[in-house]
Amino acid sequence: MTEAIIKADEAGENTILVQKSLRSGQTVEFPGNVVILGDVNPGAEIIAGGHIVVMGALRGVVHAGALGDETATITAFQLEPTQLRIATHITRSPDGTDAPDIIHPEIAMIRNGVVVIEKYVVPK
Amino acid sequence: MGEVLVITSGKGGVGKTTSTANIGTGLAMLGKQVVMVDTDIGLRNLDVVLGLENRIVYDIVDVVRGNCRLKQALIKDKRFENMFLLPAAQTKDKTSVTEEHMKALAEQLKAEFDYVIIDCPAGIEHGFKNAIAGADHAIVVTTPEVSAVRDADRIIGLLEASGLESPKLIINRIRTKMVQAGDMMAVDDMMEILAVDLLGIVPDDDTIVISTNRGEPAVTDEDSKAGQAYRNITRRIIGEEVPLMSLEEKQGFLDKLKTLFGSK
Ligand SMILES: Nc1ncnc2c1ncn2[C@@H]1O[C@H](COP(=O)(O)OP(=O)(O)O)[C@@H](O)[C@H]1O
Ligand SMILES: [Mg+2]
């Protein structure tokens with residue numbers, strides 16, 4: 001287990017809002033949370049110390065909790081990443097799968113030491 | 001005052017030079033004053049595609065170095081009085097052309113011509129930056145392949161970053177049968193990622209290869225499907241509303257059917 005330098009909750013006060021889609025070759029690196037109002041295309045990359053929220057299709061590579069925070073999450077309207085990383089955990093989309101027919105927001109997080117992806121439900 | 005259009009793609013071999021030759025010729029057929037500029041120094045071939053190779057005396061490097069006047073380097077087309085080519089150099093050092101040179105050149109040319117069409121080299125380095133330096137608008141060419149679309153996306157990002165907003169897209173070498181079989185990217189899927197306006201779709205067509213070898217762009221061939229696609233594209237460039245060719249409609253329709261049956 002790595003030690004978090006910044007915890008997602010602390011970084012919560014430190015959030016950047018990116019008001020455009022990220023195209024291939026474009027990157028966002030930020031020690032806090034990152035919110036994208038747009039898509040993250042294949043070949044684009046986000047590295048965040050905290051959470052990542054994509055208000056669009058996430059198809060690139062994203063790393064949440066990049067400073068070691070295992071409580072960081074990745075949420076997207078359409079979660080089809082090339083690769084997801086949370087803290088030191090890495091997961092990739094299964095090979096050869098097409099986009100699903102039904103699109104709904106999903107969230108990725110670490111549970112019991114593995115990255116799990118679930119339908120996003122509004123916390124009550 | 002004319003307009004400077006740069007034709008670019010990132011990935012090589014997707015049809016930039018083919019598109020430049022056909023769009024330039026297509027615009028000339030509509031009576032516009034057109035000049036095409038080949039900026040692919042060291043790998044020039046726009047002159048070959050246009051069948052003008054044997055007329056080259058001076059080239060773009062001679063112009064920027066002051067070896068000749070701009071007018072002396074412009075080659076008049078064989079068929080169209082109103083169409084010219086400024087050829088690239090084949091052998092000279094490509095670093096001799098700078099972004100400043102290209103801006104000045106674009107200004108000079110658009111004072112005389114309705115359309116200045118710039119054929120861009122592959123890549124995102126020096127040659128690409130030169131090619132876009134004097135452009136007013138950009139046209140991005142891609143083929144229906146994942147790698148080409150990825151590079152197109154990259155290029156669109158770079159164009160936007162250099163102030164060339166809302167580039168237009170040409171999808172080249174569509175093979176309807178392969179798209180229907182799911183072996184090629186569908187137009188909708190490409191548009192979803194690239195999120196720019198579609199200028200046209202050009203089928204994969206042997207008449208392109210034949211016409212290229214003959215030095216007569218397919219756009220002049222009434223019977224060529226790809227030629228028809230380029231005639232449509234040129235009319236869209238001058239501001240006419242031209243519906244997409246049927247090959248595209250059919251494909252969209254089948255795609256929808258496939259999604260209905262969940263076999264995407
Ligand atoms: N629509 C098409 N159908 C068939 N062949 C094509 C088509 N477009 C381009 N080609 C061929 O593909 C090759 C590369 O095209 P070119 O225009 O030189 O690409 P670029 O300038 O982007 O490197 C050429 O041999 C050309 O004849
Ligand atoms: Mg070329």
# chains A, B, ... in the order shown; residues from 1 in each chain; ligands from 1
>>> interface_residues(of="chain B", to="chain A", cutoff="7 Å", atoms="only C-alpha atoms", output="number ranges by chain")
B: 150, 153-154, 157, 193
>>> residues_near_ligand(ligand="ligand 2", cutoff="9 Å", atoms="only C-alpha atoms and all ligand atoms", output="number ranges by chain")
B: 12-18, 20, 38, 40, 43-46, 119-122
>>> residues_around(residues="range 69-81 of chain A", least_positions_apart="6", cutoff="7 Å", atoms="only C-alpha atoms", output="JSON, numbers by chain")
{"A": [4, 6, 7, 8, 50, 51, 52, 53, 54, 55, 56, 57, 58, 59, 60, 61, 87, 93, 103, 104, 105, 106, 107, 108, 109, 110]}
>>> closest_residue(among="B:Thr176, B:Gly123, B:Met190, B:Ile118", to="Pro144 in chain B", atoms="only C-alpha atoms")
B:Met190
>>> residues_around(residues="Glu99 in chain B", least_positions_apart="6", cutoff="8 Å", atoms="only C-alpha atoms", output="PyMOL selection string")
chain B and resi 129-131+133-134
>>> select_by_dssp(residues="range 3-105 of chain A", states="strand (DSSP E)", output="VMD selection string")
chain A and resid 15 to 18 27 to 30 33 to 36 45 to 48 52 to 58 61 to 64 74 to 79 83 to 86 89 to 92
>>> residues_around(residues="range 48-54 of chain B", least_positions_apart="4", cutoff="6 Å", atoms="only C-alpha atoms", output="list in words")
Thr212, Gly215 and Glu216 of chain B
>>> closest_residue(among="B:Glu222, B:Asp204, B:Asp197, B:Glu241", to="ligand 1", atoms="only C-alpha atoms and all ligand atoms")
B:Asp204
>>> closest_residue(among="B:Ala218, B:Ala111, B:Ala226, B:Val242", to="ligand 1", atoms="only C-alpha atoms and all ligand atoms")
B:Ala226
>>> decode(residues="range 123-158 of chain B", atoms="N, CA, C and O atoms", output="short mmCIF file (atom, residue, chain, number, x, y, z; two decimals), in the first residue's frame")
data_model
loop_
_atom_site.label_atom_id
_atom_site.label_comp_id
_atom_site.auth_asym_id
_atom_site.auth_seq_id
_atom_site.Cartn_x
_atom_site.Cartn_y
_atom_site.Cartn_z
N GLY B 123 2.87 14.36 -40.83
CA GLY B 123 3.57 14.68 -39.59
C GLY B 123 3.05 15.95 -38.93
O GLY B 123 2.12 16.59 -39.43
N ILE B 124 3.68 16.29 -37.80
CA ILE B 124 3.23 17.45 -37.05
C ILE B 124 4.41 18.39 -36.79
O ILE B 124 4.36 19.25 -35.92
N GLU B 125 5.48 18.21 -37.56
CA GLU B 125 6.70 18.97 -37.29
C GLU B 125 6.75 20.25 -38.13
O GLU B 125 5.75 20.77 -38.56
N HIS B 126 7.97 20.66 -38.40
CA HIS B 126 8.28 21.87 -39.15
C HIS B 126 7.39 22.08 -40.39
O HIS B 126 6.77 23.12 -40.56
N GLY B 127 7.34 21.05 -41.23
CA GLY B 127 6.59 21.15 -42.49
C GLY B 127 5.11 21.41 -42.27
O GLY B 127 4.47 22.18 -43.00
N PHE B 128 4.55 20.79 -41.26
CA PHE B 128 3.14 21.00 -40.92
C PHE B 128 2.91 22.43 -40.44
O PHE B 128 1.99 23.12 -40.88
N LYS B 129 3.80 22.89 -39.56
CA LYS B 129 3.65 24.25 -39.02
C LYS B 129 3.77 25.29 -40.13
O LYS B 129 3.03 26.29 -40.14
N ASN B 130 4.68 25.05 -41.07
CA ASN B 130 4.80 25.95 -42.22
C ASN B 130 3.51 25.97 -43.03
O ASN B 130 3.01 27.03 -43.40
N ALA B 131 3.00 24.76 -43.31
CA ALA B 131 1.85 24.64 -44.20
C ALA B 131 0.63 25.38 -43.64
O ALA B 131 -0.14 25.96 -44.39
N ILE B 132 0.47 25.35 -42.31
CA ILE B 132 -0.73 25.96 -41.74
C ILE B 132 -0.52 27.45 -41.41
O ILE B 132 -1.49 28.15 -41.13
N ALA B 133 0.72 27.91 -41.49
CA ALA B 133 1.03 29.26 -40.99
C ALA B 133 0.18 30.36 -41.64
O ALA B 133 -0.29 31.26 -40.96
N GLY B 134 -0.01 30.27 -42.95
CA GLY B 134 -0.74 31.34 -43.62
C GLY B 134 -2.19 31.02 -43.92
O GLY B 134 -2.88 31.77 -44.62
N ALA B 135 -2.68 29.88 -43.38
CA ALA B 135 -4.01 29.40 -43.76
C ALA B 135 -5.13 30.13 -43.04
O ALA B 135 -4.98 30.54 -41.89
N ASP B 136 -6.25 30.30 -43.75
CA ASP B 136 -7.46 30.85 -43.14
C ASP B 136 -8.36 29.74 -42.60
O ASP B 136 -9.04 29.89 -41.61
N HIS B 137 -8.38 28.62 -43.35
CA HIS B 137 -9.21 27.47 -42.96
C HIS B 137 -8.44 26.19 -43.21
O HIS B 137 -7.57 26.16 -44.05
N ALA B 138 -8.85 25.14 -42.47
CA ALA B 138 -8.18 23.85 -42.65
C ALA B 138 -9.18 22.77 -43.02
O ALA B 138 -10.32 22.77 -42.57
N ILE B 139 -8.72 21.88 -43.88
CA ILE B 139 -9.49 20.69 -44.22
C ILE B 139 -8.64 19.49 -43.79
O ILE B 139 -7.47 19.38 -44.14
N VAL B 140 -9.25 18.62 -42.98
CA VAL B 140 -8.53 17.45 -42.47
C VAL B 140 -9.02 16.22 -43.21
O VAL B 140 -10.22 16.00 -43.34
N VAL B 141 -8.07 15.44 -43.73
CA VAL B 141 -8.42 14.22 -44.46
C VAL B 141 -8.13 13.02 -43.58
O VAL B 141 -7.08 12.96 -42.93
N THR B 142 -9.06 12.08 -43.55
CA THR B 142 -8.80 10.82 -42.85
C THR B 142 -9.34 9.67 -43.67
O THR B 142 -10.16 9.86 -44.56
N THR B 143 -8.86 8.46 -43.37
CA THR B 143 -9.46 7.25 -43.92
C THR B 143 -10.19 6.57 -42.77
O THR B 143 -9.97 6.92 -41.61
N PRO B 144 -11.05 5.59 -43.08
CA PRO B 144 -11.84 4.99 -41.99
C PRO B 144 -11.03 3.96 -41.21
O PRO B 144 -11.48 2.85 -41.01
N GLU B 145 -9.87 4.34 -40.75
CA GLU B 145 -9.04 3.44 -39.95
C GLU B 145 -8.77 4.09 -38.61
O GLU B 145 -8.60 5.31 -38.53
N VAL B 146 -8.69 3.26 -37.58
CA VAL B 146 -8.53 3.78 -36.23
C VAL B 146 -7.29 4.67 -36.13
O VAL B 146 -7.34 5.77 -35.57
N SER B 147 -6.18 4.26 -36.72
CA SER B 147 -4.94 5.03 -36.58
C SER B 147 -5.05 6.38 -37.30
O SER B 147 -4.58 7.40 -36.80
N ALA B 148 -5.69 6.39 -38.46
CA ALA B 148 -5.84 7.65 -39.20
C ALA B 148 -6.76 8.62 -38.47
O ALA B 148 -6.51 9.83 -38.42
N VAL B 149 -7.81 8.08 -37.87
CA VAL B 149 -8.76 8.92 -37.13
C VAL B 149 -8.07 9.50 -35.89
O VAL B 149 -8.25 10.67 -35.55
N ARG B 150 -7.23 8.69 -35.25
CA ARG B 150 -6.49 9.14 -34.09
C ARG B 150 -5.58 10.33 -34.46
O ARG B 150 -5.53 11.35 -33.77
N ASP B 151 -4.90 10.19 -35.60
CA ASP B 151 -4.01 11.27 -36.05
C ASP B 151 -4.81 12.50 -36.47
O ASP B 151 -4.39 13.63 -36.23
N ALA B 152 -5.96 12.27 -37.08
CA ALA B 152 -6.82 13.40 -37.48
C ALA B 152 -7.25 14.17 -36.23
O ALA B 152 -7.25 15.40 -36.21
N ASP B 153 -7.59 13.43 -35.18
CA ASP B 153 -8.02 14.05 -33.93
C ASP B 153 -6.88 14.91 -33.36
O ASP B 153 -7.09 16.05 -32.93
N ARG B 154 -5.68 14.35 -33.41
CA ARG B 154 -4.50 15.07 -32.93
C ARG B 154 -4.30 16.37 -33.71
O ARG B 154 -4.06 17.43 -33.16
N ILE B 155 -4.41 16.24 -35.03
CA ILE B 155 -4.22 17.39 -35.91
C ILE B 155 -5.29 18.46 -35.63
O ILE B 155 -4.98 19.65 -35.57
N ILE B 156 -6.52 18.03 -35.44
CA ILE B 156 -7.59 18.99 -35.18
C ILE B 156 -7.28 19.76 -33.89
O ILE B 156 -7.44 20.98 -33.84
N GLY B 157 -6.78 19.05 -32.88
CA GLY B 157 -6.38 19.70 -31.64
C GLY B 157 -5.28 20.73 -31.88
O GLY B 157 -5.33 21.85 -31.36
N LEU B 158 -4.30 20.36 -32.68
CA LEU B 158 -3.18 21.28 -32.97
C LEU B 158 -3.65 22.48 -33.80
O LEU B 158 -3.20 23.60 -33.59
#
